[in-house]
Every structure is written in C-alpha cells, then in structure tokens.
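S.K.: File follows, my_file16.pdb with PDB, C-alpha atoms:
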```pdb
ATOM      1  CA  MET A   1       3.392   2.131 -28.327
ATOM      2  CA  LYS A   2       6.145   4.466 -27.146
ATOM      3  CA  TRP A   3       3.693   6.160 -24.740
ATOM      4  CA  LEU A   4       3.053   2.841 -23.029
ATOM      5  CA  GLY A   5       6.792   2.523 -22.444
ATOM      6  CA  VAL A   6       6.901   6.045 -21.008
ATOM      7  CA  VAL A   7       4.019   5.253 -18.635
ATOM      8  CA  VAL A   8       5.669   2.008 -17.484
ATOM      9  CA  ILE A   9       9.007   3.715 -16.840
ATOM     10  CA  ALA A  10       7.308   6.602 -15.005
ATOM     11  CA  SER A  11       5.416   4.108 -12.845
ATOM     12  CA  LEU A  12       8.593   2.244 -11.958
ATOM     13  CA  VAL A  13      10.442   5.450 -11.097
ATOM     14  CA  THR A  14       7.526   6.610  -8.944
ATOM     15  CA  GLY A  15       7.315   3.239  -7.207
ATOM     16  CA  CYS A  16      11.041   3.225  -6.467
ATOM     17  CA  ALA A  17      10.933   6.798  -5.165
ATOM     18  CA  ILE A  18       8.033   6.040  -2.845
ATOM     19  CA  GLY A  19       9.452   2.629  -1.874
ATOM     20  CA  GLY A  20      11.216   4.255   1.063
ATOM     21  CA  LEU A  21       7.831   4.417   2.766
ATOM     22  CA  ALA A  22       8.086   0.665   3.482
ATOM     23  CA  GLY A  23       9.429   1.285   6.961
ATOM     24  CA  PRO A  24      10.937   3.869   9.274
ATOM     25  CA  THR A  25      14.445   5.054   8.467
ATOM     26  CA  PRO A  26      16.923   4.059  11.175
ATOM     27  CA  PRO A  27      18.675   6.769  13.187
ATOM     28  CA  ASP A  28      22.361   7.503  12.822
ATOM     29  CA  PHE A  29      23.230   5.511  15.952
ATOM     30  CA  ALA A  30      26.231   3.182  16.126
ATOM     31  CA  GLY A  31      25.028  -0.219  14.982
ATOM     32  CA  CYS A  32      22.108   1.002  12.849
ATOM     33  CA  ALA A  33      23.671   3.709  10.677
ATOM     34  CA  GLY A  34      23.692   2.539   7.078
ATOM     35  CA  VAL A  35      22.031  -0.815   7.834
ATOM     36  CA  THR A  36      19.239  -1.832   5.459
ATOM     37  CA  ARG A  37      18.196  -5.300   6.715
ATOM     38  CA  PHE A  38      16.226  -5.500   9.939
ATOM     39  CA  ALA A  39      14.583  -8.406  11.776
ATOM     40  CA  PHE A  40      12.199  -5.795  13.169
ATOM     41  CA  ALA A  41      11.518  -2.142  12.377
ATOM     42  CA  GLY A  42       8.506  -0.443  13.882
ATOM     43  CA  GLU A  43       6.931   1.290  16.841
ATOM     44  CA  THR A  44       6.593  -0.735  20.051
ATOM     45  CA  THR A  45       8.322  -1.224  23.415
ATOM     46  CA  LEU A  46      11.511  -3.066  24.275
ATOM     47  CA  ALA A  47       9.499  -5.254  26.658
ATOM     48  CA  ALA A  48       7.156  -6.329  23.832
ATOM     49  CA  LEU A  49      10.185  -7.531  21.874
ATOM     50  CA  GLY A  50      11.647  -9.346  24.871
ATOM     51  CA  LEU A  51      14.549  -6.885  25.028
ATOM     52  CA  SER A  52      13.604  -5.177  28.283
ATOM     53  CA  GLN A  53      16.556  -3.611  30.044
ATOM     54  CA  SER A  54      17.074  -3.485  33.815
ATOM     55  CA  ASP A  55      15.006  -0.282  34.005
ATOM     56  CA  PRO A  56      11.318  -1.319  33.684
ATOM     57  CA  ALA A  57      10.202   2.262  32.948
ATOM     58  CA  GLU A  58      12.422   2.418  29.864
ATOM     59  CA  GLY A  59      11.466  -1.121  28.791
ATOM     60  CA  ASN A  60       7.790  -0.141  28.699
ATOM     61  CA  ARG A  61       8.340   3.199  26.949
ATOM     62  CA  ILE A  62       6.977   3.280  23.382
ATOM     63  CA  GLY A  63       9.488   4.221  20.714
ATOM     64  CA  THR A  64      10.584   3.357  17.200
ATOM     65  CA  ILE A  65      12.779   0.263  17.394
ATOM     66  CA  TRP A  66      15.107  -1.371  14.875
ATOM     67  CA  VAL A  67      16.675  -4.810  15.437
ATOM     68  CA  THR A  68      19.355  -5.688  12.886
ATOM     69  CA  THR A  69      19.294  -8.977  11.005
ATOM     70  CA  ASP A  70      23.055  -9.198  10.532
ATOM     71  CA  LYS A  71      25.956  -8.640  12.908
ATOM     72  CA  VAL A  72      27.204  -5.050  12.957
ATOM     73  CA  ASP A  73      29.998  -2.990  14.507
ATOM     74  CA  LEU A  74      28.550  -1.286  17.582
ATOM     75  CA  GLN A  75      31.574   0.952  18.068
ATOM     76  CA  GLY A  76      31.107   2.590  14.663
ATOM     77  CA  GLY A  77      34.535   3.933  13.831
ATOM     78  CA  PRO A  78      38.142   3.879  14.930
ATOM     79  CA  VAL A  79      38.892   2.675  18.443
ATOM     80  CA  PRO A  80      41.439   4.585  20.557
ATOM     81  CA  ALA A  81      44.735   2.850  21.252
ATOM     82  CA  GLY A  82      44.585   0.548  24.248
ATOM     83  CA  ILE A  83      40.841  -0.076  23.953
ATOM     84  CA  ALA A  84      39.764  -3.514  22.755
ATOM     85  CA  ARG A  85      37.318  -3.633  19.844
ATOM     86  CA  LEU A  86      33.991  -5.234  20.673
ATOM     87  CA  PRO A  87      33.062  -8.328  18.658
ATOM     88  CA  LEU A  88      30.438  -7.908  15.948
ATOM     89  CA  SER A  89      26.886  -8.588  17.133
ATOM     90  CA  ARG A  90      23.304  -7.864  16.216
ATOM     91  CA  ALA A  91      22.055  -4.513  17.482
ATOM     92  CA  VAL A  92      18.901  -2.868  18.747
ATOM     93  CA  CYS A  93      18.430   0.858  18.169
ATOM     94  CA  VAL A  94      15.634   2.836  19.798
ATOM     95  CA  GLN A  95      14.498   6.359  19.119
ATOM     96  CA  TRP A  96      12.047   7.826  21.630
ATOM     97  CA  PRO A  97       9.394  10.378  20.585
ATOM     98  CA  ASP A  98      11.439  13.221  22.122
ATOM     99  CA  GLY A  99      14.306  12.463  19.689
ATOM    100  CA  SER A 100      16.638  10.822  22.194
ATOM    101  CA  GLY A 101      17.616   7.204  21.789
ATOM    102  CA  MET A 102      20.076   4.408  22.387
ATOM    103  CA  SER A 103      21.654   1.386  20.771
ATOM    104  CA  GLY A 104      23.053  -1.815  22.184
ATOM    105  CA  PRO A 105      23.842  -5.458  21.481
ATOM    106  CA  VAL A 106      21.190  -8.166  21.016
ATOM    107  CA  ASP A 107      21.523 -11.912  21.516
ATOM    108  CA  ASP A 108      22.329 -13.515  18.142
ATOM    109  CA  GLY A 109      19.555 -16.095  18.462
ATOM    110  CA  GLY A 110      16.863 -13.675  19.611
ATOM    111  CA  GLN A 111      13.870 -13.157  17.330
ATOM    112  CA  PRO A 112      10.834 -10.911  17.880
ATOM    113  CA  PRO A 113       7.938 -12.749  19.552
ATOM    114  CA  ALA A 114       5.372 -14.296  17.200
ATOM    115  CA  GLY A 115       2.686 -11.701  18.021
ATOM    116  CA  VAL A 116       4.890  -8.732  17.118
ATOM    117  CA  THR A 117       5.110  -7.966  13.424
ATOM    118  CA  ALA A 118       7.593  -5.783  11.635
ATOM    119  CA  SER A 119       6.555  -3.158   9.132
ATOM    120  CA  SER A 120       8.855  -4.389   6.390
ATOM    121  CA  GLY A 121       6.592  -5.042   3.404
ATOM    122  CA  ILE A 122       5.546  -2.831   0.551
ATOM    123  CA  PRO A 123       2.650  -0.702   1.797
ATOM    124  CA  ALA A 124      -0.759  -1.315   0.233
ATOM    125  CA  PRO A 125      -1.208   2.374  -0.780
ATOM    126  CA  LEU A 126       1.987   2.144  -2.848
ATOM    127  CA  ILE A 127       0.703  -0.939  -4.656
ATOM    128  CA  ALA A 128      -2.641   0.784  -5.281
ATOM    129  CA  LEU A 129      -0.851   3.876  -6.635
ATOM    130  CA  VAL A 130       1.282   1.894  -9.085
ATOM    131  CA  VAL A 131      -1.680  -0.208 -10.272
ATOM    132  CA  GLY A 132      -3.784   2.953 -10.686
ATOM    133  CA  VAL A 133      -1.097   4.693 -12.728
ATOM    134  CA  LEU A 134      -0.682   1.622 -14.929
ATOM    135  CA  LEU A 135      -4.435   1.352 -15.509
ATOM    136  CA  LEU A 136      -4.743   5.073 -16.264
ATOM    137  CA  GLY A 137      -1.780   4.918 -18.618
ATOM    138  CA  GLY A 138      -3.143   1.870 -20.425
ATOM    139  CA  ALA A 139      -6.601   3.396 -20.770
ATOM    140  CA  SER A 140      -5.112   6.663 -22.048
ATOM    141  CA  TYR A 141      -3.011   4.793 -24.574
ATOM    142  CA  LEU A 142      -6.012   2.874 -25.883
ATOM    143  CA  ALA A 143      -8.243   5.964 -25.977
ATOM    144  CA  PHE A 144      -5.826   8.373 -27.627
ATOM    145  CA  ARG A 145      -3.716   6.214 -29.933
ATOM    146  CA  ARG A 146      -3.597   7.223 -33.520
ATOM    147  CA  LYS A 147      -5.718   5.136 -35.792
ATOM    148  CA  PRO A 148      -4.463   4.620 -39.311
ATOM    149  CA  ILE A 149      -6.326   6.590 -41.960
ATOM    150  CA  PRO A 150      -7.948   4.163 -44.362
ATOM    151  CA  ALA A 151      -6.629   4.410 -47.900
ATOM    152  CA  SER A 152      -9.300   5.319 -50.446
TER     153      SER A 152
END
```
Represent the structure contained in this file as structure tokens.

M.R.:
Amino acid sequence: MKWLGVVVIASLVTGCAIGGLAGPTPPDFAGCAGVTRFAFAGETTLAALGLSQSDPAEGNRIGTIWVTTDKVDLQGGPVPAGIARLPLSRAVCVQWPDGSGMSGPVDDGGQPPAGVTASSGIPAPLIALVVGVLLLGGASYLAFRRKPIPAS
C-alpha cells in the first residue's frame, strides 16, 4: 500500500511541476511582472482583442499578449518627487516575436471578444500524463504486490 502512496505523491509533484505549461509566462514589463491572473493570455493581435492602438501596423502585428484581470500599478516602483502616481488600472502587455514589447492601460470594463479564447486551462497532454502515470502505478502495484504465504 505504501507504493501506491508514493505513486500518487510522485504524480502530484509531476503535475504541479508541469502545471506551468498552462499558459505563456508574462514578461517582466511594468503592469505584468508578478501577475498571475489574466483575462487573456495567448498569441494574437491587439486588433483581434479590440485593443488596437493608433498605429494600425502595430495593432495587426501578431505577438503574445497578456491582459490582466485585476488592477495593477503600471509605474512599477518608486515615482520621482514631483511626478504624480498613475491610478491603478488593468494592463495589457505585449511581447513581439523579436523580443521587444510594450505595456499600457486597458479600460476596466473591456473583455476579450467572444470569438477570442485565452489559453488558461490545464492542457490535455498534462491530464493524459497524470492519468497515465496513475494507471501505470496502479497496475504495477496490483501486479507486484506481495501475496501472503499461506500457512501450512
């Protein structure tokens, strides 16, 4: 029975370690650094999310985009004397394929359009891996457990 416990604990540790694959990790931009809850996290364009800027070329450029769920501090650190601190707001962070990126405020009521989905669930391969490990562990336990020696 102790082997079953070992297999279950190993499966949970493996699942937690691989759980980071659920979505892209946000860049270290002001507004997204350290944030874990996103209304959207995935690869698309700003225009597809209804967040197109004044420059249409940049709005139609594909990149990895994060839109925060909660209000965040876009200034990200101490503010020099004489400069007013911006109010907290939701943020959008974009990282382009070349590694450059940007962040900026988002309207508090804005939500991604219905046709655009975020990659925020547990990936199917992770579920399959955990189920496979559990099945293999259970089968191994049943096949190799010690059977009591009958008394004669």

S.K.: Name every residue that the PyMOL selection byres ((chain A and resi 46-51) around 6) selects in this structure, writing the answer as a PyMOL selection string with chains first and numbers rising.

M.R.: chain A and resi 45+52+59-60+112

S.K.: Would you mind exporting C-alpha atoms of the selected residues as a PDB file, in the frame of the given file?

M.R.:
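And here is the file that came out, selection.pdb:
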```pdb
ATOM      1  CA  THR A  45       8.322  -1.224  23.415  1.00  0.00           C
ATOM      2  CA  SER A  52      13.604  -5.177  28.283  1.00  0.00           C
ATOM      3  CA  GLY A  59      11.466  -1.121  28.791  1.00  0.00           C
ATOM      4  CA  ASN A  60       7.790  -0.141  28.699  1.00  0.00           C
ATOM      5  CA  PRO A 112      10.834 -10.911  17.880  1.00  0.00           C
TER       6      PRO A 112
END
```

S.K.: State, in Å with one decimal place, the distance from CA of Ile62 in chain A to CA of Pro24 in chain A.

M.R.: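 So the answer is 14.7 Å.
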
S.K.: So how many Å separate CA of Leu88 in chain A and CA of Gly63 in chain A, to one decimal?

M.R.: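 Distance reported for this atom pair: 24.7 Å.
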
S.K.: For the PyMOL selection byres ((chain A and resi 87) around 10), applied here, can you spell out every residue it catches as a ChimeraX atom specification?

M.R.: /A:71-75,84-86,88-89

S.K.: Counting only C-alpha atoms, which residue out of A:Ala41, A:Val67, A:Leu129, A:Val79 sits closest to Val106 in chain A?

M.R.: A:Val67

S.K.: Closest to Trp96 in chain A among A:Ile65, A:Ala151, A:Ala139, A:Val35, using all atoms listed in the file?

M.R.: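 Smallest distance to Trp96 in chain A is found for A:Ile65.
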
S.K.: Going by the chain IDs and residue numbers used in this file, which residues fall under the PyMOL selection byres ((chain A and resi 93) around 10)? Write them as a list in words.

M.R.: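 Checking the PyMOL selection byres ((chain A and resi 93) around 10) against this file, the residues are Pro26, Pro27, Asp28, Phe29, Ala30, Gly31, Cys32, Ala33, Ala41, Gly63, Thr64, Ile65, Trp66, Val67, Thr68, Ala91, Val92, Val94, Gln95, Gly101, Met102, Ser103, Gly104, Pro105 and Val106 of chain A.
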
S.K.: Name the closest residue to Gly34 in chain A among the candidates A:Glu58, A:Gly76, A:Pro125, A:Leu142; distances are taken between atoms, counting all atoms listed in the file.

M.R.: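 Nearest to Gly34 in chain A: A:Gly76.
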
S.K.: Between A:Arg61, A:Phe40, A:Gly138, A:Ala143, single out the one closest to Pro97 in chain A, counting all atoms listed in the file.

M.R.: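 Smallest separation from Pro97 in chain A among the options: A:Arg61.
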
S.K.: At what distance in Å, to one decimal, does CA of Phe38 in chain A lie from CA of Asp70 in chain A?

M.R.: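 Here the two named atoms are 7.8 Å from each other.
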